[in-house]
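Have a look at query.pdb below; it lists PDB, C-alpha atoms.
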ATOM      1  CA  ASP A   1       0.000   0.000   0.000  1.00  0.00           C
ATOM      2  CA  ASN A   2       1.500   3.391  -1.057  1.00  0.00           C
ATOM      3  CA  ASN A   3       4.894   1.716  -1.668  1.00  0.00           C
ATOM      4  CA  GLU A   4       4.844   0.290   1.887  1.00  0.00           C
ATOM      5  CA  PHE A   5       5.409  -3.382   2.635  1.00  0.00           C
ATOM      6  CA  ASN A   6       5.344  -5.690   5.648  1.00  0.00           C
ATOM      7  CA  LEU A   7       7.105  -9.050   5.482  1.00  0.00           C
ATOM      8  CA  GLU A   8       6.395 -11.512   8.290  1.00  0.00           C
ATOM      9  CA  VAL A   9       9.044 -14.199   8.747  1.00  0.00           C
ATOM     10  CA  LEU A  10       8.173 -17.407  10.597  1.00  0.00           C
ATOM     11  CA  SER A  11      10.416 -20.400   9.892  1.00  0.00           C
ATOM     12  CA  ASN A  12      12.978 -22.697  11.465  1.00  0.00           C
ATOM     13  CA  PHE A  13      15.619 -20.220  10.349  1.00  0.00           C
ATOM     14  CA  ALA A  14      14.228 -16.962  11.763  1.00  0.00           C
ATOM     15  CA  LYS A  15      11.123 -15.151  12.947  1.00  0.00           C
ATOM     16  CA  GLY A  16      10.053 -11.531  13.055  1.00  0.00           C
ATOM     17  CA  ASN A  17       9.036  -8.672  10.778  1.00  0.00           C
ATOM     18  CA  ILE A  18      10.655  -6.511   8.150  1.00  0.00           C
ATOM     19  CA  LYS A  19       8.712  -3.367   7.276  1.00  0.00           C
ATOM     20  CA  GLY A  20       9.579  -0.692   4.786  1.00  0.00           C
ATOM     21  CA  ILE A  21       8.466   2.140   2.562  1.00  0.00           C
ATOM     22  CA  SER A  22      10.102   3.767  -0.459  1.00  0.00           C
ATOM     23  CA  TYR A  23       9.588   7.218  -1.940  1.00  0.00           C
ATOM     24  CA  PRO A  24      10.024   8.594  -5.473  1.00  0.00           C
ATOM     25  CA  ASP A  25      12.707  11.014  -4.229  1.00  0.00           C
ATOM     26  CA  GLY A  26      15.098   8.108  -3.642  1.00  0.00           C
ATOM     27  CA  MET A  27      14.570   7.735   0.115  1.00  0.00           C
ATOM     28  CA  THR A  28      13.789   4.323   1.652  1.00  0.00           C
ATOM     29  CA  TYR A  29      12.916   3.499   5.253  1.00  0.00           C
ATOM     30  CA  MET A  30      13.142  -0.019   6.700  1.00  0.00           C
ATOM     31  CA  GLN A  31      12.431  -1.461  10.127  1.00  0.00           C
ATOM     32  CA  PHE A  32      13.830  -4.846  11.175  1.00  0.00           C
ATOM     33  CA  ASP A  33      12.517  -6.747  14.220  1.00  0.00           C
ATOM     34  CA  MET A  34      14.097 -10.191  13.935  1.00  0.00           C
ATOM     35  CA  ILE A  35      15.519 -13.122  15.866  1.00  0.00           C
ATOM     36  CA  PHE A  36      17.671 -15.684  14.052  1.00  0.00           C
ATOM     37  CA  ASN A  37      18.166 -19.318  15.073  1.00  0.00           C
ATOM     38  CA  ASP A  38      21.709 -19.372  13.717  1.00  0.00           C
ATOM     39  CA  ASP A  39      24.531 -16.861  13.264  1.00  0.00           C
ATOM     40  CA  VAL A  40      23.776 -14.951  10.072  1.00  0.00           C
ATOM     41  CA  ARG A  41      25.996 -13.026   7.682  1.00  0.00           C
ATOM     42  CA  LEU A  42      24.245 -10.812   5.143  1.00  0.00           C
ATOM     43  CA  SER A  43      26.164  -9.374   2.186  1.00  0.00           C
ATOM     44  CA  MET A  44      24.789  -6.181   0.615  1.00  0.00           C
ATOM     45  CA  GLU A  45      26.166  -5.333  -2.809  1.00  0.00           C
ATOM     46  CA  SER A  46      27.337  -1.793  -3.453  1.00  0.00           C
ATOM     47  CA  LEU A  47      24.589   0.278  -5.114  1.00  0.00           C
ATOM     48  CA  ASN A  48      25.036   2.597  -8.078  1.00  0.00           C
ATOM     49  CA  CYS A  49      23.044   5.369  -6.387  1.00  0.00           C
ATOM     50  CA  SER A  50      25.901   6.092  -3.894  1.00  0.00           C
ATOM     51  CA  PRO A  51      23.577   5.890  -0.897  1.00  0.00           C
ATOM     52  CA  ILE A  52      24.057   7.091   2.650  1.00  0.00           C
ATOM     53  CA  PHE A  53      22.602   4.793   5.318  1.00  0.00           C
ATOM     54  CA  PHE A  54      21.458   5.981   8.735  1.00  0.00           C
ATOM     55  CA  ALA A  55      20.952   3.017  11.104  1.00  0.00           C
ATOM     56  CA  TYR A  56      19.438   3.149  14.602  1.00  0.00           C
ATOM     57  CA  CYS A  57      19.623   0.121  16.902  1.00  0.00           C
ATOM     58  CA  THR A  58      17.059  -0.251  19.718  1.00  0.00           C
ATOM     59  CA  ALA A  59      17.636  -3.935  20.641  1.00  0.00           C
ATOM     60  CA  GLY A  60      20.515  -6.384  20.190  1.00  0.00           C
ATOM     61  CA  THR A  61      23.537  -5.441  18.086  1.00  0.00           C
ATOM     62  CA  ILE A  62      24.490  -5.057  14.424  1.00  0.00           C
ATOM     63  CA  GLN A  63      28.029  -5.904  13.327  1.00  0.00           C
ATOM     64  CA  HIS A  64      29.335  -4.455  10.063  1.00  0.00           C
ATOM     65  CA  SER A  65      32.419  -4.733   7.902  1.00  0.00           C
ATOM     66  CA  PHE A  66      33.431  -3.484   4.454  1.00  0.00           C
ATOM     67  CA  GLY A  67      34.089  -6.768   2.654  1.00  0.00           C
ATOM     68  CA  GLU A  68      34.945 -10.136   4.158  1.00  0.00           C
ATOM     69  CA  GLN A  69      38.369  -9.033   5.384  1.00  0.00           C
ATOM     70  CA  GLY A  70      37.347  -5.592   6.660  1.00  0.00           C
ATOM     71  CA  GLU A  71      37.366  -4.513  10.282  1.00  0.00           C
ATOM     72  CA  ARG A  72      34.167  -5.379  12.155  1.00  0.00           C
ATOM     73  CA  LYS A  73      32.434  -2.537  13.934  1.00  0.00           C
ATOM     74  CA  ILE A  74      29.485  -2.974  16.282  1.00  0.00           C
ATOM     75  CA  ILE A  75      26.390  -0.790  16.587  1.00  0.00           C
ATOM     76  CA  LYS A  76      24.957  -1.555  20.014  1.00  0.00           C
ATOM     77  CA  GLN A  77      21.572  -0.901  21.564  1.00  0.00           C
ATOM     78  CA  GLN A  78      20.785   2.833  21.773  1.00  0.00           C
ATOM     79  CA  GLN A  79      23.549   3.588  19.263  1.00  0.00           C
ATOM     80  CA  GLN A  80      23.380   4.809  15.694  1.00  0.00           C
ATOM     81  CA  GLY A  81      25.590   4.422  12.661  1.00  0.00           C
ATOM     82  CA  ILE A  82      26.037   6.500   9.509  1.00  0.00           C
ATOM     83  CA  LEU A  83      27.425   4.492   6.607  1.00  0.00           C
ATOM     84  CA  LYS A  84      28.687   5.635   3.225  1.00  0.00           C
ATOM     85  CA  SER A  85      30.494   3.584   0.609  1.00  0.00           C
ATOM     86  CA  THR A  86      31.299   4.734  -2.909  1.00  0.00           C
ATOM     87  CA  CYS A  87      33.465   1.794  -3.931  1.00  0.00           C
ATOM     88  CA  SER A  88      32.678  -1.737  -5.112  1.00  0.00           C
ATOM     89  CA  VAL A  89      33.276  -3.471  -1.752  1.00  0.00           C
ATOM     90  CA  ASN A  90      30.186  -5.149  -0.294  1.00  0.00           C
ATOM     91  CA  SER A  91      28.850  -4.235   3.125  1.00  0.00           C
ATOM     92  CA  ILE A  92      28.605  -7.291   5.377  1.00  0.00           C
ATOM     93  CA  LEU A  93      26.127  -7.388   8.274  1.00  0.00           C
ATOM     94  CA  TYR A  94      26.460  -9.988  11.041  1.00  0.00           C
ATOM     95  CA  PHE A  95      23.688 -11.093  13.415  1.00  0.00           C
ATOM     96  CA  GLU A  96      24.086 -13.356  16.449  1.00  0.00           C
ATOM     97  CA  LYS A  97      21.764 -16.309  16.917  1.00  0.00           C
ATOM     98  CA  HIS A  98      19.027 -16.182  19.599  1.00  0.00           C
ATOM     99  CA  VAL A  99      19.509 -12.421  20.131  1.00  0.00           C
ATOM    100  CA  PRO A 100      16.394 -10.315  19.421  1.00  0.00           C
ATOM    101  CA  THR A 101      17.532  -7.517  17.118  1.00  0.00           C
ATOM    102  CA  LYS A 102      15.572  -4.391  16.294  1.00  0.00           C
ATOM    103  CA  PHE A 103      16.912  -1.601  14.145  1.00  0.00           C
ATOM    104  CA  TYR A 104      15.779   1.074  11.709  1.00  0.00           C
ATOM    105  CA  VAL A 105      17.477   2.163   8.488  1.00  0.00           C
ATOM    106  CA  ILE A 106      17.029   5.274   6.353  1.00  0.00           C
ATOM    107  CA  GLN A 107      18.688   5.055   2.944  1.00  0.00           C
ATOM    108  CA  VAL A 108      19.104   8.074   0.669  1.00  0.00           C
ATOM    109  CA  GLY A 109      20.479   7.760  -2.857  1.00  0.00           C
ATOM    110  CA  THR A 110      22.769  10.681  -3.694  1.00  0.00           C
ATOM    111  CA  ASN A 111      23.960  10.294  -7.283  1.00  0.00           C
ATOM    112  CA  ASN A 112      22.785  12.708  -9.986  1.00  0.00           C
ATOM    113  CA  ASN A 113      20.092  10.302 -11.229  1.00  0.00           C
ATOM    114  CA  MET A 114      18.351  10.529  -7.832  1.00  0.00           C
ATOM    115  CA  VAL A 115      18.262  14.339  -7.717  1.00  0.00           C
ATOM    116  CA  ASN A 116      14.964  16.041  -8.531  1.00  0.00           C
ATOM    117  CA  GLU A 117      13.216  19.297  -7.747  1.00  0.00           C
ATOM    118  CA  GLN A 118      11.772  17.868  -4.537  1.00  0.00           C
ATOM    119  CA  ASN A 119      14.968  16.538  -2.942  1.00  0.00           C
ATOM    120  CA  SER A 120      17.826  18.561  -4.486  1.00  0.00           C
ATOM    121  CA  GLU A 121      18.400  20.768  -1.428  1.00  0.00           C
ATOM    122  CA  LEU A 122      18.417  17.801   0.991  1.00  0.00           C
ATOM    123  CA  ILE A 123      20.856  15.783  -1.147  1.00  0.00           C
ATOM    124  CA  LYS A 124      23.128  18.832  -1.508  1.00  0.00           C
ATOM    125  CA  LYS A 125      23.234  19.181   2.296  1.00  0.00           C
ATOM    126  CA  LEU A 126      23.905  15.454   2.756  1.00  0.00           C
ATOM    127  CA  LYS A 127      26.783  15.536   0.271  1.00  0.00           C
ATOM    128  CA  ASN A 128      28.307  18.648   1.860  1.00  0.00           C
ATOM    129  CA  THR A 129      28.076  17.065   5.310  1.00  0.00           C
ATOM    130  CA  PHE A 130      29.090  13.439   4.723  1.00  0.00           C
ATOM    131  CA  PHE A 131      30.980  13.234   1.404  1.00  0.00           C
ATOM    132  CA  ASN A 132      34.136  14.943   2.677  1.00  0.00           C
ATOM    133  CA  THR A 133      35.003  11.714   4.471  1.00  0.00           C
ATOM    134  CA  LYS A 134      36.940   8.766   3.100  1.00  0.00           C
ATOM    135  CA  GLU A 135      35.199   6.453   0.604  1.00  0.00           C
ATOM    136  CA  ASP A 136      34.334   3.676   3.083  1.00  0.00           C
ATOM    137  CA  TYR A 137      32.928   5.386   6.115  1.00  0.00           C
ATOM    138  CA  LEU A 138      31.036   4.176   9.183  1.00  0.00           C
ATOM    139  CA  ASP A 139      30.534   6.575  12.085  1.00  0.00           C
ATOM    140  CA  ILE A 140      29.044   5.078  15.274  1.00  0.00           C
ATOM    141  CA  SER A 141      27.756   7.199  18.149  1.00  0.00           C
ATOM    142  CA  ASN A 142      25.142   7.250  20.894  1.00  0.00           C
ATOM    143  CA  GLN A 143      21.642   7.994  19.689  1.00  0.00           C
ATOM    144  CA  ASN A 144      20.534  11.609  19.714  1.00  0.00           C
ATOM    145  CA  PHE A 145      17.537  11.697  22.097  1.00  0.00           C
ATOM    146  CA  LYS A 146      15.519  13.899  19.717  1.00  0.00           C
ATOM    147  CA  ILE A 147      16.072  11.443  16.875  1.00  0.00           C
ATOM    148  CA  ALA A 148      15.251   8.525  19.201  1.00  0.00           C
ATOM    149  CA  ALA A 149      11.905  10.216  19.938  1.00  0.00           C
ATOM    150  CA  LYS A 150      11.198  10.536  16.199  1.00  0.00           C
ATOM    151  CA  ILE A 151      12.041   6.850  15.701  1.00  0.00           C
ATOM    152  CA  GLU A 152       9.612   5.953  18.488  1.00  0.00           C
ATOM    153  CA  THR A 153       6.924   8.013  16.732  1.00  0.00           C
ATOM    154  CA  LEU A 154       7.502   6.003  13.540  1.00  0.00           C
ATOM    155  CA  ASP A 155       7.215   2.773  15.521  1.00  0.00           C
ATOM    156  CA  THR A 156       3.888   3.662  17.135  1.00  0.00           C
ATOM    157  CA  MET A 157       2.140   5.410  14.244  1.00  0.00           C
ATOM    158  CA  ASN A 158      -1.421   4.148  13.693  1.00  0.00           C
ATOM    159  CA  HIS A 159      -2.387   6.173  10.613  1.00  0.00           C
ATOM    160  CA  LYS A 160      -3.230   4.397   7.370  1.00  0.00           C
ATOM    161  CA  GLY A 161      -2.896   4.977   3.637  1.00  0.00           C
ATOM    162  CA  LEU A 162      -1.663   8.192   2.046  1.00  0.00           C
ATOM    163  CA  VAL A 163      -1.755  10.147   5.330  1.00  0.00           C
ATOM    164  CA  ARG A 164       0.599   7.577   6.898  1.00  0.00           C
ATOM    165  CA  SER A 165       2.951   7.728   3.912  1.00  0.00           C
ATOM    166  CA  LEU A 166       3.131  11.536   4.010  1.00  0.00           C
ATOM    167  CA  MET A 167       3.663  11.596   7.801  1.00  0.00           C
ATOM    168  CA  ILE A 168       6.485   9.033   7.612  1.00  0.00           C
ATOM    169  CA  ASN A 169       8.131  11.028   4.813  1.00  0.00           C
ATOM    170  CA  ARG A 170       8.009  14.222   6.886  1.00  0.00           C
ATOM    171  CA  ILE A 171       9.453  12.494   9.976  1.00  0.00           C
ATOM    172  CA  LEU A 172      12.285  10.961   7.912  1.00  0.00           C
ATOM    173  CA  GLU A 173      13.139  14.365   6.465  1.00  0.00           C
ATOM    174  CA  ASN A 174      13.150  15.818  10.019  1.00  0.00           C
ATOM    175  CA  ILE A 175      15.551  13.080  11.162  1.00  0.00           C
ATOM    176  CA  LEU A 176      17.920  13.757   8.247  1.00  0.00           C
ATOM    177  CA  GLU A 177      17.841  17.504   8.908  1.00  0.00           C
ATOM    178  CA  MET A 178      18.743  16.826  12.565  1.00  0.00           C
ATOM    179  CA  GLU A 179      21.610  14.551  11.500  1.00  0.00           C
ATOM    180  CA  ILE A 180      22.948  17.250   9.147  1.00  0.00           C
ATOM    181  CA  GLU A 181      22.635  19.931  11.831  1.00  0.00           C
ATOM    182  CA  HIS A 182      24.308  17.768  14.478  1.00  0.00           C
ATOM    183  CA  HIS A 183      27.268  16.807  12.280  1.00  0.00           C
ATOM    184  CA  THR A 184      27.677  20.351  10.978  1.00  0.00           C
ATOM    185  CA  ASP A 185      27.848  21.589  14.597  1.00  0.00           C
ATOM    186  CA  VAL A 186      30.413  18.888  15.479  1.00  0.00           C
ATOM    187  CA  ILE A 187      32.630  19.768  12.491  1.00  0.00           C
ATOM    188  CA  SER A 188      32.329  23.491  13.281  1.00  0.00           C
ATOM    189  CA  LEU A 189      33.283  22.851  16.918  1.00  0.00           C
ATOM    190  CA  MET A 190      36.302  20.773  15.859  1.00  0.00           C
ATOM    191  CA  ALA A 191      37.417  23.535  13.475  1.00  0.00           C
ATOM    192  CA  GLN A 192      37.107  26.136  16.238  1.00  0.00           C
ATOM    193  CA  THR A 193      39.115  23.932  18.613  1.00  0.00           C
ATOM    194  CA  VAL A 194      41.899  23.419  16.054  1.00  0.00           C
ATOM    195  CA  HIS A 195      41.966  27.145  15.268  1.00  0.00           C
ATOM    196  CA  SER A 196      42.132  28.013  18.976  1.00  0.00           C
ATOM    197  CA  PHE A 197      44.906  25.465  19.513  1.00  0.00           C
ATOM    198  CA  THR A 198      46.859  26.907  16.560  1.00  0.00           C
ATOM    199  CA  LEU A 199      46.554  30.430  17.969  1.00  0.00           C
ATOM    200  CA  ASN A 200      47.760  29.226  21.390  1.00  0.00           C
TER     201      ASN A 200
END
As C-alpha cells, the full file:
Amino acid sequence: DNNEFNLEVLSNFAKGNIKGISYPDGMTYMQFDMIFNDDVRLSMESLNCSPIFFAYCTAGTIQHSFGEQGERKIIKQQQQGILKSTCSVNSILYFEKHVPTKFYVIQVGTNNNMVNEQNSELIKKLKNTFFNTKEDYLDISNQNFKIAAKIETLDTMNHKGLVRSLMINRILENILEMEIEHHTDVISLMAQTVHSFTLN
C-alpha cells in the first residue's frame, strides 16, 4: 500500500518482521525486528546510487564490515551508525543467533540520477556534510535523544494509507535535517578547537 510493505518471517531459520516504505525522491525506510536461530551473515552489494545509510539500533547489536576481510564494527543498543560507501566493496552485516535484534534504516540515494526538484536541497546538504570523508565510512555514536523520539513516533504510528505515507516522509526528512545539523555543529566545533589550539 502506497509503496509500503510488511514481510512476516516465521520459519525454522528466523522469525520476526521486516517493514519498509520507499519514496520517489530516492529515500527508503526499513524497520527490522528479527531473531535468528543461527549466526547470520548478510552481504549487501554496493549500489550505483551512492547511498548514505542511517541506522538506529534499539535492541541487540548489528556488526558491520566493508568486505569479508574488513574490520568489524558494532552498533549496540541505543547507538546509531552513519554508513557511506562509494566503492565496489560489499557491506557485510552480522547477526548473532538467539539475540532479538531491532533496528531502523534510512537510505538516501545521492547520485545525480536521484536528484529532482523535490529533494535537491536535501541531497546537496547530505553531500556537503558526509561526502568529505573517506570512501568507506562508518561513524558510530550514541543515539541523539531527539532522533530517538522521532524513531519511536515512527514505531507507534497508527495512521493508514496516504496520510501515513506523508507523515512518515516528513518524519524521515526531520531526522535527516537533525543529523545534518548535528554533524555540521560537530565539524564546526572541531574547526574552532583546532583554530584556537593553533593560535595558542
#### Entry: Expansion of the PyMOL selection byres ((chain A and resi 105) around 8) into residues, as JSON, numbers by chain
{"A": [29, 30, 31, 53, 54, 55, 56, 103, 104, 106, 107]}
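CA of Thr58 in chain A is found 4.9 Å from CA of Gln77 in chain A.
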Translate the PyMOL selection byres ((chain A and resi 39) around 10), as applied to the file shown, into an explicit residue set as a PDB file with C-alpha atoms, in the frame of the given file.
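Saved to selection.pdb:
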ATOM      1  CA  PHE A  13      15.619 -20.220  10.349  1.00  0.00           C
ATOM      2  CA  PHE A  36      17.671 -15.684  14.052  1.00  0.00           C
ATOM      3  CA  ASN A  37      18.166 -19.318  15.073  1.00  0.00           C
ATOM      4  CA  ASP A  38      21.709 -19.372  13.717  1.00  0.00           C
ATOM      5  CA  VAL A  40      23.776 -14.951  10.072  1.00  0.00           C
ATOM      6  CA  ARG A  41      25.996 -13.026   7.682  1.00  0.00           C
ATOM      7  CA  TYR A  94      26.460  -9.988  11.041  1.00  0.00           C
ATOM      8  CA  PHE A  95      23.688 -11.093  13.415  1.00  0.00           C
ATOM      9  CA  GLU A  96      24.086 -13.356  16.449  1.00  0.00           C
ATOM     10  CA  LYS A  97      21.764 -16.309  16.917  1.00  0.00           C
ATOM     11  CA  HIS A  98      19.027 -16.182  19.599  1.00  0.00           C
ATOM     12  CA  VAL A  99      19.509 -12.421  20.131  1.00  0.00           C
TER      13      VAL A  99
END
Just say which residues the PyMOL selection byres ((chain A and resi 91) around 9) picks in this file, as a PDB file with C-alpha atoms, in the frame of the given file.
ATOM      1  CA  LEU A  42      24.245 -10.812   5.143  1.00  0.00           C
ATOM      2  CA  SER A  43      26.164  -9.374   2.186  1.00  0.00           C
ATOM      3  CA  MET A  44      24.789  -6.181   0.615  1.00  0.00           C
ATOM      4  CA  GLU A  45      26.166  -5.333  -2.809  1.00  0.00           C
ATOM      5  CA  SER A  46      27.337  -1.793  -3.453  1.00  0.00           C
ATOM      6  CA  HIS A  64      29.335  -4.455  10.063  1.00  0.00           C
ATOM      7  CA  SER A  65      32.419  -4.733   7.902  1.00  0.00           C
ATOM      8  CA  PHE A  66      33.431  -3.484   4.454  1.00  0.00           C
ATOM      9  CA  GLY A  67      34.089  -6.768   2.654  1.00  0.00           C
ATOM     10  CA  GLU A  68      34.945 -10.136   4.158  1.00  0.00           C
ATOM     11  CA  SER A  85      30.494   3.584   0.609  1.00  0.00           C
ATOM     12  CA  VAL A  89      33.276  -3.471  -1.752  1.00  0.00           C
ATOM     13  CA  ASN A  90      30.186  -5.149  -0.294  1.00  0.00           C
ATOM     14  CA  ILE A  92      28.605  -7.291   5.377  1.00  0.00           C
ATOM     15  CA  LEU A  93      26.127  -7.388   8.274  1.00  0.00           C
TER      16      LEU A  93
END
### Query
How many Å lie between CA of Ala149 in chain A and CA of Lys15 in chain A, rounded to one decimal?
26.3 Å
#### Entry: Distance of CA of Gly60 in chain A from CA of Lys150 in chain A, expressed in Å to one decimal place
19.7 Å
For Phe131 in chain A, find every residue with an atom within 12 Å (counting all atoms listed in the file), except residues of its own chain fewer than 4 positions away, and show them as a JSON list (two decimals) with C-alpha atoms, in the coordinates of the input.
[["chain", "number", "residue", "atom", "x", "y", "z"],
["A", 50, "SER", "CA", 25.90, 6.09, -3.89],
["A", 51, "PRO", "CA", 23.58, 5.89, -0.90],
["A", 52, "ILE", "CA", 24.06, 7.09, 2.65],
["A", 82, "ILE", "CA", 26.04, 6.50, 9.51],
["A", 83, "LEU", "CA", 27.42, 4.49, 6.61],
["A", 84, "LYS", "CA", 28.69, 5.64, 3.22],
["A", 85, "SER", "CA", 30.49, 3.58, 0.61],
["A", 86, "THR", "CA", 31.30, 4.73, -2.91],
["A", 110, "THR", "CA", 22.77, 10.68, -3.69],
["A", 111, "ASN", "CA", 23.96, 10.29, -7.28],
["A", 123, "ILE", "CA", 20.86, 15.78, -1.15],
["A", 124, "LYS", "CA", 23.13, 18.83, -1.51],
["A", 125, "LYS", "CA", 23.23, 19.18, 2.30],
["A", 126, "LEU", "CA", 23.90, 15.45, 2.76],
["A", 127, "LYS", "CA", 26.78, 15.54, 0.27],
["A", 135, "GLU", "CA", 35.20, 6.45, 0.60],
["A", 136, "ASP", "CA", 34.33, 3.68, 3.08],
["A", 137, "TYR", "CA", 32.93, 5.39, 6.12],
["A", 138, "LEU", "CA", 31.04, 4.18, 9.18],
["A", 180, "ILE", "CA", 22.95, 17.25, 9.15]]
### Query
Counting only C-alpha atoms, which of A:Asn158, A:Gln63, A:Asn17, A:Thr129 gets nearest to Met178 in chain A?
A:Thr129
### Message
I'd like the contact shell of Ser165 in chain A - 12 Å cut-off, all atoms listed in the file, skipping same-chain residues fewer than 2 positions apart - returned as a PyMOL selection string.
### Response
chain A and resi 1-5+20-24+28-29+154+157-163+167-172
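Closest approach to Asn142 in chain A from the set A:Leu176, A:Leu166, A:Cys57, A:Val108 is made by A:Cys57, with distances taken over all atoms listed in the file.
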### Summary
Counting all atoms listed in the file, the residue among A:Thr61, A:Asn6, A:Thr184, A:Gln78 that lies closest to Pro100 in chain A is A:Thr61
